[in-house]
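Here the structure is laid out as structure tokens; the discussion comes afterwards.
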Amino acid sequence: MKYKSFNLIDKSNNGGLFKLKVGGDRSNLIDDENSKRKIRVVSNIGGNNGIESHIYNDDIGIKNCITIATRGNDYFSCYQDDYTVTIVRALLLYSEKFKLNKYRAFYICALLRMNAYKCAYGRVISGERLEIEKITLPIDSNEEIDWKYIEDIVSKIYLNIEKRISKNKLVNKKIDLDYKNWKKFKI
């Protein structure tokens with residue numbers, strides 16, 4: 001398998017993979033009760049895929065994108081399959097060159113998280129840093145990104161995890177705790 005480095009952000013036709021949107025001010029988001037489209041609002045929180053809340057608006061949001069928390073969660077990146085906007089301290093990457101799906105995104109997010117060491121000791125992630133960032137991806141015989149290889153690898157891992165979860169008898173099973181015989185203890 002051959003690998004090649006690619007610019008992460010497409011700036012001035014440098015061949016980068018993604019366009020970059022920097023998160024805006026939350027007060028500028030308009031929540032329209034009459035809208036049908038529910039939009040994820042992503043910030044720099046480390047849990048829940050970075051999703052802080054939701055708003056309704058038919059005019060904004062990008063689907064199939066990667067969001068990155070810029071402070072406090074070094075390269076915490078997540079795939080967003082539904083319409084998403086980012087607010088302050090979060091970045092959004094989207095591609096006009098290829099269709100991003102969960103397998104491709106999981107692979108790229110894993111590569112981004114491997115670069116967390118670059119943001120240690122007060123060096124925060126920023127659009128400027130991402131513009132010089134490169135990621136190394138497998139390529140095919142035509143020197144193009146081998147998306148099939150990436151999707152095959154990640155889908156196998158994904159299916160393996162799903163099998164493990166489904167074998168776990170505790171998933172989706174209510175457990176009643178018998179606390180009648182519990183005793184006090186010192187901490």
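Ordering of the structure tokens sets the chain letters (A, B, ...); residue numbers start at 1 within each chain; ligands are numbered from 1 in the order shown.
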Closest atom pairs, residues of range 104-149 of chain A within 12 Å of range 4-27 of chain A, only C-alpha atoms, as JSON lines:
{"residue": "A:Ala105", "atom": "CA", "partner": "A:Phe18", "partner_atom": "CA", "distance": 11.6}
{"residue": "A:Ile108", "atom": "CA", "partner": "A:Leu8", "partner_atom": "CA", "distance": 9.8}
{"residue": "A:Cys109", "atom": "CA", "partner": "A:Leu8", "partner_atom": "CA", "distance": 11.6}
{"residue": "A:Leu111", "atom": "CA", "partner": "A:Leu8", "partner_atom": "CA", "distance": 10.9}
{"residue": "A:Leu112", "atom": "CA", "partner": "A:Leu8", "partner_atom": "CA", "distance": 9.7}
{"residue": "A:Ile125", "atom": "CA", "partner": "A:Val22", "partner_atom": "CA", "distance": 11.3}
{"residue": "A:Ser126", "atom": "CA", "partner": "A:Val22", "partner_atom": "CA", "distance": 8.7}
{"residue": "A:Gly127", "atom": "CA", "partner": "A:Val22", "partner_atom": "CA", "distance": 7.0}
{"residue": "A:Glu128", "atom": "CA", "partner": "A:Ile9", "partner_atom": "CA", "distance": 9.6}
{"residue": "A:Arg129", "atom": "CA", "partner": "A:Ile9", "partner_atom": "CA", "distance": 9.7}
{"residue": "A:Leu130", "atom": "CA", "partner": "A:Ile9", "partner_atom": "CA", "distance": 6.4}
{"residue": "A:Glu131", "atom": "CA", "partner": "A:Ile9", "partner_atom": "CA", "distance": 5.1}
{"residue": "A:Ile132", "atom": "CA", "partner": "A:Asn7", "partner_atom": "CA", "distance": 7.0}
{"residue": "A:Glu133", "atom": "CA", "partner": "A:Leu8", "partner_atom": "CA", "distance": 5.7}
{"residue": "A:Lys134", "atom": "CA", "partner": "A:Asn7", "partner_atom": "CA", "distance": 4.5}
{"residue": "A:Ile135", "atom": "CA", "partner": "A:Ser5", "partner_atom": "CA", "distance": 5.4}
{"residue": "A:Thr136", "atom": "CA", "partner": "A:Ser5", "partner_atom": "CA", "distance": 4.1}
{"residue": "A:Leu137", "atom": "CA", "partner": "A:Lys4", "partner_atom": "CA", "distance": 5.6}
{"residue": "A:Pro138", "atom": "CA", "partner": "A:Lys4", "partner_atom": "CA", "distance": 6.4}
{"residue": "A:Ile139", "atom": "CA", "partner": "A:Lys4", "partner_atom": "CA", "distance": 6.5}
{"residue": "A:Asp140", "atom": "CA", "partner": "A:Lys4", "partner_atom": "CA", "distance": 9.9}
{"residue": "A:Ser141", "atom": "CA", "partner": "A:Lys4", "partner_atom": "CA", "distance": 11.7}
{"residue": "A:Asn142", "atom": "CA", "partner": "A:Lys4", "partner_atom": "CA", "distance": 11.7}
{"residue": "A:Glu143", "atom": "CA", "partner": "A:Lys4", "partner_atom": "CA", "distance": 8.0}
{"residue": "A:Glu144", "atom": "CA", "partner": "A:Lys4", "partner_atom": "CA", "distance": 8.9}
{"residue": "A:Ile145", "atom": "CA", "partner": "A:Lys4", "partner_atom": "CA", "distance": 8.2}
{"residue": "A:Asp146", "atom": "CA", "partner": "A:Lys4", "partner_atom": "CA", "distance": 10.4}
For the selection you just gave me, I'd like the residues written to a file as a compact mmCIF listing (two decimals), in the first residue's frame, keeping N, CA, C and O atoms.
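Below you can see out.txt, which holds the result:
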# COMPACT_ATOMS: atom_id res chain seq x y z
N ALA A 105 -14.98 9.63 7.27
CA ALA A 105 -14.83 10.62 8.34
C ALA A 105 -14.19 10.02 9.58
O ALA A 105 -13.33 10.66 10.20
N ILE A 108 -10.47 9.85 8.99
CA ILE A 108 -9.84 11.18 9.04
C ILE A 108 -9.84 11.71 10.47
O ILE A 108 -8.84 12.29 10.93
N CYS A 109 -10.93 11.51 11.20
CA CYS A 109 -10.97 11.95 12.61
C CYS A 109 -9.90 11.25 13.44
O CYS A 109 -9.27 11.88 14.29
N LEU A 111 -7.02 10.20 12.34
CA LEU A 111 -5.75 10.83 11.98
C LEU A 111 -5.60 12.19 12.67
O LEU A 111 -4.51 12.53 13.14
N LEU A 112 -6.68 12.95 12.70
CA LEU A 112 -6.62 14.26 13.36
C LEU A 112 -6.32 14.12 14.84
O LEU A 112 -5.50 14.86 15.39
N ILE A 125 -5.80 24.86 18.61
CA ILE A 125 -6.10 24.61 17.21
C ILE A 125 -6.76 25.87 16.66
O ILE A 125 -7.61 26.47 17.30
N SER A 126 -6.39 26.24 15.47
CA SER A 126 -6.99 27.40 14.83
C SER A 126 -7.09 27.12 13.34
O SER A 126 -6.49 26.17 12.82
N GLY A 127 -7.84 27.96 12.66
CA GLY A 127 -7.94 27.83 11.21
C GLY A 127 -6.57 27.96 10.56
O GLY A 127 -6.25 27.23 9.62
N GLU A 128 -5.73 28.85 11.09
CA GLU A 128 -4.39 29.04 10.53
C GLU A 128 -3.54 27.78 10.68
O GLU A 128 -2.79 27.41 9.79
N ARG A 129 -3.65 27.12 11.82
CA ARG A 129 -2.89 25.88 12.03
C ARG A 129 -3.37 24.78 11.07
O ARG A 129 -2.58 24.03 10.53
N LEU A 130 -4.70 24.70 10.91
CA LEU A 130 -5.23 23.67 10.03
C LEU A 130 -4.84 23.91 8.57
O LEU A 130 -4.72 22.96 7.79
N GLU A 131 -4.66 25.17 8.21
CA GLU A 131 -4.29 25.48 6.82
C GLU A 131 -2.91 24.95 6.46
O GLU A 131 -2.62 24.74 5.28
N ILE A 132 -2.05 24.72 7.43
CA ILE A 132 -0.73 24.16 7.14
C ILE A 132 -0.64 22.67 7.49
O ILE A 132 0.38 22.04 7.27
N GLU A 133 -1.73 22.13 8.03
CA GLU A 133 -1.76 20.73 8.44
C GLU A 133 -1.84 19.81 7.21
O GLU A 133 -2.53 20.10 6.25
N LYS A 134 -1.12 18.70 7.30
CA LYS A 134 -1.18 17.68 6.25
C LYS A 134 -1.57 16.36 6.90
O LYS A 134 -1.24 16.11 8.05
N ILE A 135 -2.30 15.55 6.15
CA ILE A 135 -2.61 14.20 6.61
C ILE A 135 -2.19 13.22 5.52
O ILE A 135 -2.22 13.54 4.33
N THR A 136 -1.78 12.05 5.96
CA THR A 136 -1.30 11.03 5.04
C THR A 136 -2.37 9.97 4.86
O THR A 136 -2.86 9.39 5.83
N LEU A 137 -2.73 9.75 3.59
CA LEU A 137 -3.79 8.81 3.26
C LEU A 137 -3.30 7.77 2.25
O LEU A 137 -2.39 8.05 1.47
N PRO A 138 -3.92 6.58 2.27
CA PRO A 138 -3.54 5.56 1.28
C PRO A 138 -3.99 5.99 -0.12
O PRO A 138 -5.03 6.64 -0.27
N ILE A 139 -3.19 5.64 -1.10
CA ILE A 139 -3.52 5.99 -2.49
C ILE A 139 -3.56 4.73 -3.35
O ILE A 139 -2.94 3.72 -3.03
N ASP A 140 -4.26 4.83 -4.46
CA ASP A 140 -4.36 3.71 -5.40
C ASP A 140 -3.29 3.86 -6.49
O ASP A 140 -2.43 4.75 -6.42
N SER A 141 -3.36 3.04 -7.49
CA SER A 141 -2.35 3.05 -8.56
C SER A 141 -2.39 4.32 -9.39
O SER A 141 -1.43 4.66 -10.08
N ASN A 142 -3.48 5.09 -9.32
CA ASN A 142 -3.60 6.36 -10.05
C ASN A 142 -3.19 7.56 -9.20
O ASN A 142 -3.45 8.70 -9.58
N GLU A 143 -2.60 7.28 -8.03
CA GLU A 143 -2.17 8.33 -7.11
C GLU A 143 -3.35 9.11 -6.51
O GLU A 143 -3.19 10.22 -6.03
N GLU A 144 -4.54 8.52 -6.55
CA GLU A 144 -5.73 9.10 -5.96
C GLU A 144 -5.98 8.46 -4.59
O GLU A 144 -5.55 7.34 -4.34
N ILE A 145 -6.69 9.15 -3.72
CA ILE A 145 -7.00 8.59 -2.41
C ILE A 145 -7.79 7.29 -2.60
O ILE A 145 -8.76 7.25 -3.36
N ASP A 146 -7.37 6.26 -1.91
CA ASP A 146 -8.01 4.95 -2.03
C ASP A 146 -9.15 4.87 -1.00
O ASP A 146 -9.04 4.26 0.06
**OP:** Considering only C-alpha atoms, return as a list in words whatever protein or nucleic-acid residues lie within 9 Å of Arg104 in chain A, sequence-local ones (same chain, fewer than 3 positions apart) excluded.
**Re:**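 Here the answer would be Lys99, Leu100, Asn101, Tyr107, Ile108, Cys109, Trp147, Ile150, Glu151 and Val154 of chain A.
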Original post:
Looking only at the backbone, which of the residues in range 5-152 of chain A does DSSP tag as helix (DSSP H, G or I), as a PyMOL selection string?
Top reply: chain A and resi 26-28+48-50+102-113+116-119+127-132+147-152
**OP:** Would you list, as a ChimeraX atom specification, the residues of range 59-144 of chain A that end up in strand (DSSP E or B) under DSSP run on this structure's backbone?
**Re:** /A:62,65-69,77-80,84-87,90-94,134-139
Keeping only C-alpha atoms, write the selected residues to a file as a short mmCIF file (atom, residue, chain, number, x, y, z; two decimals), in the first residue's frame.
data_model
loop_
_atom_site.label_atom_id
_atom_site.label_comp_id
_atom_site.auth_asym_id
_atom_site.auth_seq_id
_atom_site.Cartn_x
_atom_site.Cartn_y
_atom_site.Cartn_z
CA ILE A 62 -23.86 21.77 6.35
CA CYS A 65 -18.91 17.34 7.74
CA ILE A 66 -16.27 17.07 10.46
CA THR A 67 -16.29 19.38 13.46
CA ILE A 68 -13.23 20.11 15.58
CA ALA A 69 -13.18 21.58 19.08
CA SER A 77 -13.11 15.81 16.01
CA CYS A 78 -16.46 14.28 15.12
CA TYR A 79 -18.40 13.33 12.04
CA GLN A 80 -21.74 15.10 11.68
CA THR A 84 -24.64 21.34 11.49
CA VAL A 85 -23.34 24.78 12.41
CA THR A 86 -20.44 25.58 14.70
CA ILE A 87 -20.16 28.36 17.22
CA ALA A 90 -15.32 25.05 17.01
CA LEU A 91 -14.36 24.56 13.37
CA LEU A 92 -16.24 22.83 10.58
CA LEU A 93 -14.61 20.98 7.68
CA TYR A 94 -16.60 20.06 4.57
CA LYS A 134 -1.18 17.68 6.25
CA ILE A 135 -2.61 14.20 6.61
CA THR A 136 -1.30 11.03 5.04
CA LEU A 137 -3.79 8.81 3.26
CA PRO A 138 -3.54 5.56 1.28
CA ILE A 139 -3.52 5.99 -2.49
#
Original post:
Using only C-alpha atoms, which residues sit within 12 Å of Tyr158 in chain A once same-chain residues fewer than 5 positions away are excluded, as a count of residues only?
Top reply: 11
Original post:
So what do you get for CA of Val88 in chain A versus CA of Ile30 in chain A, distance-wise?
Top reply: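 About the pair CA of Val88 in chain A and CA of Ile30 in chain A: they are 15.4 Å apart.
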Original post:
From the list A:Ile187, A:Ser155, A:Phe76, A:Arg71, which residue is nearest Gly50 in chain A when using only C-alpha atoms?
Top reply: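 Of all the options, A:Phe76 lies closest to Gly50 in chain A.
Interatomic distance, CA of Arg113 in chain A to CA of Lys97 in chain A: 22.5 Å.
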Subject >> Atom-to-atom span, CA of Arg89 in chain A and CA of Asn44 in chain A, Å >> reply: 5.6 Å
